[in-house]
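Here's the structure, in structure tokens; my notes come after.
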Amino acid sequence: MNGLRAILRLPLRSAGRNCQTAASEPTLVYTKELRFANDAFPRTIPTYRVLDDSNTEAQDCRIGDEQLVKMYESMVKLNVMDAVLYESQRQGRISFYMTNYGEEACQIGSAAALADEDPVYAQYRESGVLMWRGYDYQDFVDQCYGNAADPNKGRQMPVHYGSRRLNFLTISSPLGTQLPQAAGAAYALRLRGERRRLVACYFGEGAASEGDAHAALSFAATLRCPVLFFCRNNGYAISTPSGQQYAGDGVAAKGPAYGIPTLRVDGNDLLAVYNATGFAREFALSSQRPVLLEAMTYRLGHHSTSDDSSAYRPEREVQRRRELAPIARLSAYLAGRGLWDEQRQRRLAEASKRAVVAAVAEAERREKPHWRELFADVYARMPAHLASQMAKLDRHLREHADKYPTVGG
């Protein structure tokens, strides 16, 4: 019996060289006070910001003037593209669209702080990340129109972009699927010994309620995956306000519970988003650990063209938040430093609109993908049922060839 007691008192790692349990066991701290653990933590996690209330002073601007102007121009260009493509959907030219109004700083600020080699797993409101990396108006419009120039061959809904060249994984419609995928991709980088790249994973606070989010955070923390989880908390998951999504202090409060270093940042402050993303990326790479960054922002537009946000939020709320929007704030800061003015704003907006309209006209002239693409890229050898369907479609198209403007007829 004494021998058994002696064995039980040994540290668990002494029982076998392959046992990993001891390293992950929490250090126990005992107390005689009976109280909930919640009482020991601050009620609200602080939000990092750089711009002051007047948007004229910045406590820690780490971006050069030329780069800062380029980032502002990218936000404006994104805004203009949204306006044109939103109207295109309303005119029946495309089937669906989602705008980025109010969330431009989250996208451009974070994208500029990442390396172009960092793989991105996005949700569906990260168009600015692609734009910053070099996806041009024609690329965006071709995808939304699903024509022959679309790399996805017209198979995806509009705004479900993807670019192998720009390390941007194709977007999926179901919420949260990209989170465990990102954790796995980051784990693969770690296993391969790549220490100069991490995975950036974007999602909304609504997606954080999905089971995939919890699985991803847990796996990334325990397997020490170099992944930056970037949560856009824009206030609403479609029509559900964030207050009905969780009872705790936002999404950031979940990070410490999983053992993940966590930051909260003002998502309407481009300077703050840039600083926070760069800080988080450097830490994740040096420590080979995940980081959770929650950007507090606001969705000014409807959730999508299938939504009418006036049904669940008052216009006065939207108007109040419009005054705090990223473009308005950064414009004031740049004007105060003599880097921007109304004349430059007007020229940029007009030139951007002409470029988007031209891209739309070109997209509408381009043919649709060849119909046989419907049956490709699934099986190495086409099964009988697909071959039968393809033959039936072939006969139908031959009978009505003038009705289907596809490549190759």
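We label chains A, B, ... in the order they appear in the structure tokens, count residues from 1 in each chain, and number ligands from 1 in the order shown.
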
message: Give me, as a list in words, all polymer residues having an atom no more than 6 Å from Arg264 of chain A, counting only C-alpha atoms and skipping those fewer than 2 positions away in the same chain.
response: Thr47, Leu293, Glu294 and Ala295 of chain A

task: Quick one: everything within 9 Å of Ile238 of chain A, counting only C-alpha atoms, minus sequence neighbours fewer than 4 positions away in the same chain. Send it as a PyMOL selection string.
output: chain A and resi 206+302-304+307+309

Would you save the residues from that selection as an mmCIF file, in the first residue's frame, using C-alpha atoms?
```
data_model
loop_
_atom_site.group_PDB
_atom_site.id
_atom_site.type_symbol
_atom_site.label_atom_id
_atom_site.label_comp_id
_atom_site.auth_asym_id
_atom_site.auth_seq_id
_atom_site.Cartn_x
_atom_site.Cartn_y
_atom_site.Cartn_z
ATOM 1 C CA GLY A 206 -23.212 35.459 -35.119
ATOM 2 C CA HIS A 302 -28.747 45.586 -44.829
ATOM 3 C CA HIS A 303 -27.409 42.122 -44.112
ATOM 4 C CA SER A 304 -27.813 41.337 -47.820
ATOM 5 C CA ASP A 307 -32.838 41.618 -46.030
ATOM 6 C CA SER A 309 -32.937 45.954 -41.775
#
```

message: Using only C-alpha atoms, can you tell me which of A:Arg93, A:Leu374, A:Cys231, A:Glu205 comes closest to Tyr246 of chain A?
response: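 Going through A:Arg93, A:Leu374, A:Cys231, A:Glu205 one by one, the smallest distance to Tyr246 of chain A is for A:Glu205.
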
task: Give the strand (DSSP E or B) residues of segment 172-253 of chain A, as assigned by DSSP on the backbone, as a list of chain:residue names.
output: A:Val199, A:Ala200, A:Cys201, A:Tyr202, A:Phe203, A:Gly204, A:Val227, A:Leu228, A:Phe229, A:Phe230, A:Cys231, A:Arg232, A:Asn233, A:Tyr236, A:Ala237, A:Thr240, A:Pro241

Once you have the residues from the selection above, write them out as a compact mmCIF listing (two decimals), in the first residue's frame, restricted to N, CA, C and O atoms.
```txt
# COMPACT_ATOMS: atom_id res chain seq x y z
N VAL A 199 -2.35 31.70 -40.42
CA VAL A 199 -3.66 31.68 -41.08
C VAL A 199 -4.53 32.75 -40.46
O VAL A 199 -4.60 32.87 -39.22
N ALA A 200 -5.16 33.57 -41.27
CA ALA A 200 -6.10 34.58 -40.80
C ALA A 200 -7.51 34.08 -41.07
O ALA A 200 -7.84 33.72 -42.21
N CYS A 201 -8.33 34.06 -40.03
CA CYS A 201 -9.69 33.54 -40.16
C CYS A 201 -10.68 34.61 -39.71
O CYS A 201 -10.66 35.05 -38.57
N TYR A 202 -11.55 35.03 -40.62
CA TYR A 202 -12.54 36.08 -40.35
C TYR A 202 -13.92 35.44 -40.12
O TYR A 202 -14.30 34.51 -40.82
N PHE A 203 -14.66 36.01 -39.19
CA PHE A 203 -16.02 35.56 -38.95
C PHE A 203 -16.77 36.64 -38.19
O PHE A 203 -16.15 37.55 -37.61
N GLY A 204 -18.10 36.55 -38.17
CA GLY A 204 -18.92 37.51 -37.45
C GLY A 204 -19.30 36.99 -36.07
O GLY A 204 -19.11 35.81 -35.76
N VAL A 227 -2.86 30.78 -35.73
CA VAL A 227 -4.01 31.30 -36.47
C VAL A 227 -4.54 32.54 -35.77
O VAL A 227 -4.60 32.59 -34.54
N LEU A 228 -4.87 33.55 -36.55
CA LEU A 228 -5.48 34.77 -36.03
C LEU A 228 -6.97 34.70 -36.30
O LEU A 228 -7.41 34.77 -37.45
N PHE A 229 -7.75 34.54 -35.23
CA PHE A 229 -9.21 34.55 -35.34
C PHE A 229 -9.68 36.00 -35.25
O PHE A 229 -9.56 36.63 -34.20
N PHE A 230 -10.18 36.52 -36.36
CA PHE A 230 -10.60 37.92 -36.42
C PHE A 230 -12.12 37.97 -36.45
O PHE A 230 -12.74 37.62 -37.46
N CYS A 231 -12.73 38.39 -35.36
CA CYS A 231 -14.19 38.45 -35.26
C CYS A 231 -14.67 39.87 -35.54
O CYS A 231 -14.27 40.81 -34.85
N ARG A 232 -15.53 40.02 -36.54
CA ARG A 232 -16.18 41.31 -36.81
C ARG A 232 -17.48 41.33 -36.01
O ARG A 232 -18.47 40.72 -36.40
N ASN A 233 -17.48 42.02 -34.90
CA ASN A 233 -18.72 42.15 -34.14
C ASN A 233 -19.43 43.40 -34.64
O ASN A 233 -19.20 44.51 -34.18
N TYR A 236 -25.15 42.81 -35.44
CA TYR A 236 -26.31 42.02 -35.84
C TYR A 236 -25.89 40.76 -36.60
O TYR A 236 -25.04 40.83 -37.50
N ALA A 237 -26.48 39.64 -36.25
CA ALA A 237 -26.37 38.41 -37.04
C ALA A 237 -27.66 38.31 -37.85
O ALA A 237 -28.69 37.83 -37.36
N THR A 240 -30.75 39.33 -35.85
CA THR A 240 -30.60 39.10 -34.41
C THR A 240 -29.54 40.01 -33.82
O THR A 240 -28.37 39.90 -34.20
N PRO A 241 -29.89 40.91 -32.90
CA PRO A 241 -28.88 41.78 -32.30
C PRO A 241 -27.91 40.98 -31.45
O PRO A 241 -28.23 39.90 -30.95
```

DSSP on the backbone, alpha helix (DSSP H) only: what residues of segment 162-225 of chain A does that give? Format it as a JSON list (two decimals) with C-alpha atoms, in the first residue's frame.
```json
[["chain", "number", "residue", "atom", "x", "y", "z"],
["A", 178, "GLN", "CA", -14.11, 28.17, -42.19],
["A", 179, "LEU", "CA", -13.09, 28.23, -38.51],
["A", 180, "PRO", "CA", -12.09, 24.59, -37.98],
["A", 181, "GLN", "CA", -10.66, 24.57, -41.50],
["A", 182, "ALA", "CA", -8.45, 27.52, -40.57],
["A", 183, "ALA", "CA", -7.30, 25.83, -37.37],
["A", 184, "GLY", "CA", -6.36, 22.73, -39.37],
["A", 185, "ALA", "CA", -4.51, 24.73, -41.99],
["A", 186, "ALA", "CA", -2.57, 26.54, -39.27],
["A", 187, "TYR", "CA", -1.70, 23.22, -37.66],
["A", 188, "ALA", "CA", -0.37, 22.05, -41.03],
["A", 189, "LEU", "CA", 1.86, 25.15, -41.24],
["A", 190, "ARG", "CA", 3.22, 24.35, -37.79],
["A", 191, "LEU", "CA", 3.88, 20.69, -38.64],
["A", 211, "GLY", "CA", -20.49, 24.82, -32.72],
["A", 212, "ASP", "CA", -17.74, 25.00, -35.34],
["A", 213, "ALA", "CA", -16.40, 28.15, -33.66],
["A", 214, "HIS", "CA", -16.00, 26.47, -30.29],
["A", 215, "ALA", "CA", -14.37, 23.40, -31.82],
["A", 216, "ALA", "CA", -11.95, 25.60, -33.76],
["A", 217, "LEU", "CA", -10.93, 27.66, -30.73],
["A", 218, "SER", "CA", -10.41, 24.54, -28.64],
["A", 219, "PHE", "CA", -8.35, 22.69, -31.24],
["A", 220, "ALA", "CA", -6.27, 25.76, -32.09],
["A", 221, "ALA", "CA", -5.45, 26.39, -28.43],
["A", 222, "THR", "CA", -4.58, 22.81, -27.48]]
```

- request: Find the residues near Tyr124 of chain A: any atom within 10 Å, counting only C-alpha atoms, skip ones fewer than 4 places away on the same chain, and give them as a count of residues only.
  value: 15

field: Near-Ala253 of chain A list (9 Å; only C-alpha atoms; drop same-chain fewer than 3 positions) as a VMD selection string
entry: chain A and resid 44 to 45 248 to 250 256 to 257 262

Requested write-out: all heavy atoms of the selected residues, as a PDB file, in the first residue's frame:
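The resulting file, again.pdb, is reproduced below:
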```pdb
ATOM      1  N   THR A  44     -16.127  44.432 -18.157  1.00  0.00           N
ATOM      2  CA  THR A  44     -16.018  44.711 -19.586  1.00  0.00           C
ATOM      3  C   THR A  44     -14.561  44.707 -20.013  1.00  0.00           C
ATOM      4  O   THR A  44     -13.737  45.396 -19.405  1.00  0.00           O
ATOM      5  CB  THR A  44     -16.643  46.082 -19.923  1.00  0.00           C
ATOM      6  OG1 THR A  44     -18.007  46.092 -19.498  1.00  0.00           O
ATOM      7  CG2 THR A  44     -16.575  46.347 -21.416  1.00  0.00           C
ATOM      8  N   ILE A  45     -14.250  43.951 -21.046  1.00  0.00           N
ATOM      9  CA  ILE A  45     -12.896  43.937 -21.594  1.00  0.00           C
ATOM     10  C   ILE A  45     -12.648  45.267 -22.299  1.00  0.00           C
ATOM     11  O   ILE A  45     -13.476  45.705 -23.098  1.00  0.00           O
ATOM     12  CB  ILE A  45     -12.735  42.767 -22.578  1.00  0.00           C
ATOM     13  CG1 ILE A  45     -12.911  41.437 -21.842  1.00  0.00           C
ATOM     14  CG2 ILE A  45     -11.381  42.818 -23.278  1.00  0.00           C
ATOM     15  CD1 ILE A  45     -12.940  40.230 -22.760  1.00  0.00           C
ATOM     16  N   GLY A 248     -22.550  36.879 -22.128  1.00  0.00           N
ATOM     17  CA  GLY A 248     -21.315  37.395 -21.558  1.00  0.00           C
ATOM     18  C   GLY A 248     -20.835  38.647 -22.256  1.00  0.00           C
ATOM     19  O   GLY A 248     -21.573  39.302 -22.997  1.00  0.00           O
ATOM     20  N   ASP A 249     -19.562  38.952 -22.038  1.00  0.00           N
ATOM     21  CA  ASP A 249     -18.967  40.170 -22.585  1.00  0.00           C
ATOM     22  C   ASP A 249     -18.442  39.911 -23.994  1.00  0.00           C
ATOM     23  O   ASP A 249     -17.242  39.778 -24.225  1.00  0.00           O
ATOM     24  CB  ASP A 249     -17.843  40.654 -21.656  1.00  0.00           C
ATOM     25  CG  ASP A 249     -17.219  41.947 -22.150  1.00  0.00           C
ATOM     26  OD1 ASP A 249     -17.868  42.661 -22.935  1.00  0.00           O
ATOM     27  OD2 ASP A 249     -16.075  42.242 -21.761  1.00  0.00           O
ATOM     28  N   GLY A 250     -19.364  39.831 -24.937  1.00  0.00           N
ATOM     29  CA  GLY A 250     -18.984  39.698 -26.334  1.00  0.00           C
ATOM     30  C   GLY A 250     -18.275  38.390 -26.641  1.00  0.00           C
ATOM     31  O   GLY A 250     -18.325  37.410 -25.888  1.00  0.00           O
ATOM     32  N   PRO A 256     -10.032  33.841 -23.285  1.00  0.00           N
ATOM     33  CA  PRO A 256      -9.319  33.360 -22.099  1.00  0.00           C
ATOM     34  C   PRO A 256      -9.820  32.002 -21.616  1.00  0.00           C
ATOM     35  O   PRO A 256      -9.040  31.210 -21.071  1.00  0.00           O
ATOM     36  CB  PRO A 256      -9.606  34.460 -21.070  1.00  0.00           C
ATOM     37  CG  PRO A 256      -9.847  35.687 -21.894  1.00  0.00           C
ATOM     38  CD  PRO A 256     -10.557  35.196 -23.113  1.00  0.00           C
ATOM     39  N   ALA A 257     -11.100  31.710 -21.804  1.00  0.00           N
ATOM     40  CA  ALA A 257     -11.635  30.423 -21.364  1.00  0.00           C
ATOM     41  C   ALA A 257     -10.975  29.270 -22.112  1.00  0.00           C
ATOM     42  O   ALA A 257     -10.832  28.172 -21.564  1.00  0.00           O
ATOM     43  CB  ALA A 257     -13.148  30.386 -21.566  1.00  0.00           C
ATOM     44  N   THR A 262      -6.114  37.274 -26.134  1.00  0.00           N
ATOM     45  CA  THR A 262      -7.267  37.943 -26.742  1.00  0.00           C
ATOM     46  C   THR A 262      -7.126  39.454 -26.694  1.00  0.00           C
ATOM     47  O   THR A 262      -6.643  40.018 -25.710  1.00  0.00           O
ATOM     48  CB  THR A 262      -8.560  37.517 -26.017  1.00  0.00           C
ATOM     49  OG1 THR A 262      -8.698  36.093 -26.108  1.00  0.00           O
ATOM     50  CG2 THR A 262      -9.778  38.174 -26.627  1.00  0.00           C
TER      51      THR A 262
END
```

With only C-alpha atoms counted and 10 Å as the cut-off, give the residues of segment 315-374 of chain A in contact with segment 65-78 of chain A, each with its shortest interatomic distance in Å and the pair that gives it, as CSV.
```
residue,atom,partner,partner_atom,distance
A:Pro326,CA,A:Met75,CA,8.5
A:Ile327,CA,A:Met75,CA,6.9
A:Leu330,CA,A:Tyr72,CA,7.1
A:Ser331,CA,A:Tyr72,CA,7.7
A:Leu334,CA,A:Val69,CA,7.8
A:Arg337,CA,A:Asp65,CA,9.5
A:Leu339,CA,A:Val69,CA,7.4
A:Trp340,CA,A:Val69,CA,8.0
A:Arg344,CA,A:Glu73,CA,9.9
A:Gln345,CA,A:Val76,CA,8.6
A:Leu348,CA,A:Glu73,CA,7.6
A:Ala349,CA,A:Val76,CA,7.1
A:Glu350,CA,A:Lys77,CA,10.0
A:Ala351,CA,A:Lys77,CA,9.2
A:Ser352,CA,A:Lys77,CA,5.9
A:Lys353,CA,A:Lys77,CA,8.3
A:Ala355,CA,A:Lys77,CA,9.8
A:Val356,CA,A:Lys77,CA,9.2
```

Best match for closeness to Val273 of chain A among A:Glu57, A:Glu117, A:Glu126, A:Glu104, counting only C-alpha atoms: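 Of all the options, A:Glu104 lies closest to Val273 of chain A.
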
field: Spatial neighbours of Gln59 of chain A, 9 Å, only C-alpha atoms, chain gap at least 3 places, as a PyMOL selection string
entry: chain A and resi 49-52

File dump, residues just selected, all heavy atoms, as an mmCIF file, in the first residue's frame:
```
data_model
loop_
_atom_site.group_PDB
_atom_site.id
_atom_site.type_symbol
_atom_site.label_atom_id
_atom_site.label_comp_id
_atom_site.auth_asym_id
_atom_site.auth_seq_id
_atom_site.Cartn_x
_atom_site.Cartn_y
_atom_site.Cartn_z
ATOM 1 N N ARG A 49 -8.015 51.582 -28.962
ATOM 2 C CA ARG A 49 -8.234 52.511 -30.061
ATOM 3 C C ARG A 49 -7.071 53.479 -30.163
ATOM 4 O O ARG A 49 -6.300 53.647 -29.215
ATOM 5 C CB ARG A 49 -9.548 53.276 -29.901
ATOM 6 C CG ARG A 49 -9.551 54.354 -28.840
ATOM 7 C CD ARG A 49 -10.839 55.169 -28.932
ATOM 8 N NE ARG A 49 -10.834 56.280 -27.977
ATOM 9 C CZ ARG A 49 -11.764 57.221 -27.936
ATOM 10 N NH1 ARG A 49 -12.774 57.187 -28.785
ATOM 11 N NH2 ARG A 49 -11.705 58.204 -27.054
ATOM 12 N N VAL A 50 -6.960 54.144 -31.309
ATOM 13 C CA VAL A 50 -5.871 55.085 -31.560
ATOM 14 C C VAL A 50 -6.410 56.493 -31.765
ATOM 15 O O VAL A 50 -5.914 57.455 -31.178
ATOM 16 C CB VAL A 50 -5.052 54.645 -32.794
ATOM 17 C CG1 VAL A 50 -4.020 55.707 -33.174
ATOM 18 C CG2 VAL A 50 -4.356 53.316 -32.516
ATOM 19 N N LEU A 51 -7.458 56.652 -32.595
ATOM 20 C CA LEU A 51 -8.047 57.967 -32.842
ATOM 21 C C LEU A 51 -8.812 58.451 -31.614
ATOM 22 O O LEU A 51 -9.445 57.650 -30.913
ATOM 23 C CB LEU A 51 -8.996 57.905 -34.042
ATOM 24 C CG LEU A 51 -8.350 57.788 -35.423
ATOM 25 C CD1 LEU A 51 -9.409 57.529 -36.482
ATOM 26 C CD2 LEU A 51 -7.561 59.042 -35.764
ATOM 27 N N ASP A 52 -8.780 59.765 -31.370
ATOM 28 C CA ASP A 52 -9.543 60.313 -30.254
ATOM 29 C C ASP A 52 -10.976 60.611 -30.691
ATOM 30 O O ASP A 52 -11.368 60.347 -31.830
ATOM 31 C CB ASP A 52 -8.869 61.572 -29.700
ATOM 32 C CG ASP A 52 -8.824 62.719 -30.709
ATOM 33 O OD1 ASP A 52 -9.330 62.544 -31.843
ATOM 34 O OD2 ASP A 52 -8.288 63.781 -30.369
#
```

Close residues, Asp139 of chain A itself excluded, 9 Å, only C-alpha atoms, min 5 positions apart in chain, as an mmCIF file with all heavy atoms, in the first residue's frame:
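Contents of out.cif, as written:
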```cif
data_model
loop_
_atom_site.group_PDB
_atom_site.id
_atom_site.type_symbol
_atom_site.label_atom_id
_atom_site.label_comp_id
_atom_site.auth_asym_id
_atom_site.auth_seq_id
_atom_site.Cartn_x
_atom_site.Cartn_y
_atom_site.Cartn_z
ATOM 1 N N CYS A 144 -19.441 37.977 -59.467
ATOM 2 C CA CYS A 144 -20.848 38.240 -59.165
ATOM 3 C C CYS A 144 -21.752 37.902 -60.351
ATOM 4 O O CYS A 144 -22.904 37.497 -60.164
ATOM 5 C CB CYS A 144 -21.032 39.702 -58.758
ATOM 6 S SG CYS A 144 -20.357 40.085 -57.116
ATOM 7 N N ALA A 149 -15.170 34.263 -67.166
ATOM 8 C CA ALA A 149 -13.925 34.735 -66.558
ATOM 9 C C ALA A 149 -13.882 34.478 -65.058
ATOM 10 O O ALA A 149 -12.845 34.692 -64.423
ATOM 11 C CB ALA A 149 -13.753 36.229 -66.832
ATOM 12 N N ASP A 150 -14.971 34.030 -64.482
ATOM 13 C CA ASP A 150 -15.032 33.733 -63.052
ATOM 14 C C ASP A 150 -14.230 32.467 -62.764
ATOM 15 O O ASP A 150 -14.533 31.410 -63.318
ATOM 16 C CB ASP A 150 -16.487 33.549 -62.638
ATOM 17 C CG ASP A 150 -16.640 33.048 -61.209
ATOM 18 O OD1 ASP A 150 -15.693 33.205 -60.418
ATOM 19 O OD2 ASP A 150 -17.713 32.491 -60.899
ATOM 20 N N PRO A 151 -13.197 32.533 -61.903
ATOM 21 C CA PRO A 151 -12.402 31.328 -61.594
ATOM 22 C C PRO A 151 -13.242 30.186 -61.022
ATOM 23 O O PRO A 151 -12.889 29.020 -61.166
ATOM 24 C CB PRO A 151 -11.386 31.829 -60.565
ATOM 25 C CG PRO A 151 -11.324 33.312 -60.769
ATOM 26 C CD PRO A 151 -12.693 33.716 -61.199
ATOM 27 N N ALA A 359 -16.529 47.830 -65.638
ATOM 28 C CA ALA A 359 -16.354 46.406 -65.337
ATOM 29 C C ALA A 359 -17.678 45.657 -65.476
ATOM 30 O O ALA A 359 -17.714 44.522 -65.965
ATOM 31 C CB ALA A 359 -15.783 46.237 -63.935
#
```

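Proximity to Pro226 of chain A at 7 Å, evaluated using only C-alpha atoms and with sequence-adjacent residues fewer than 3 positions away removed, yields Ala186, Leu198, Val199, Ala284, Leu285, Gln288, Arg289 and Pro290 of chain A.
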
- prompt: Quick one, how far is atom CA of Gly278 of chain A from atom CA of Trp132 of chain A?
  reply: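 Separation of atom CA of Gly278 of chain A and atom CA of Trp132 of chain A: 15.6 Å.
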
query: Suppose you want the space between atom CA of Ala247 of chain A and atom CA of Arg313 of chain A; what is it in Å?
result: 20.1 Å
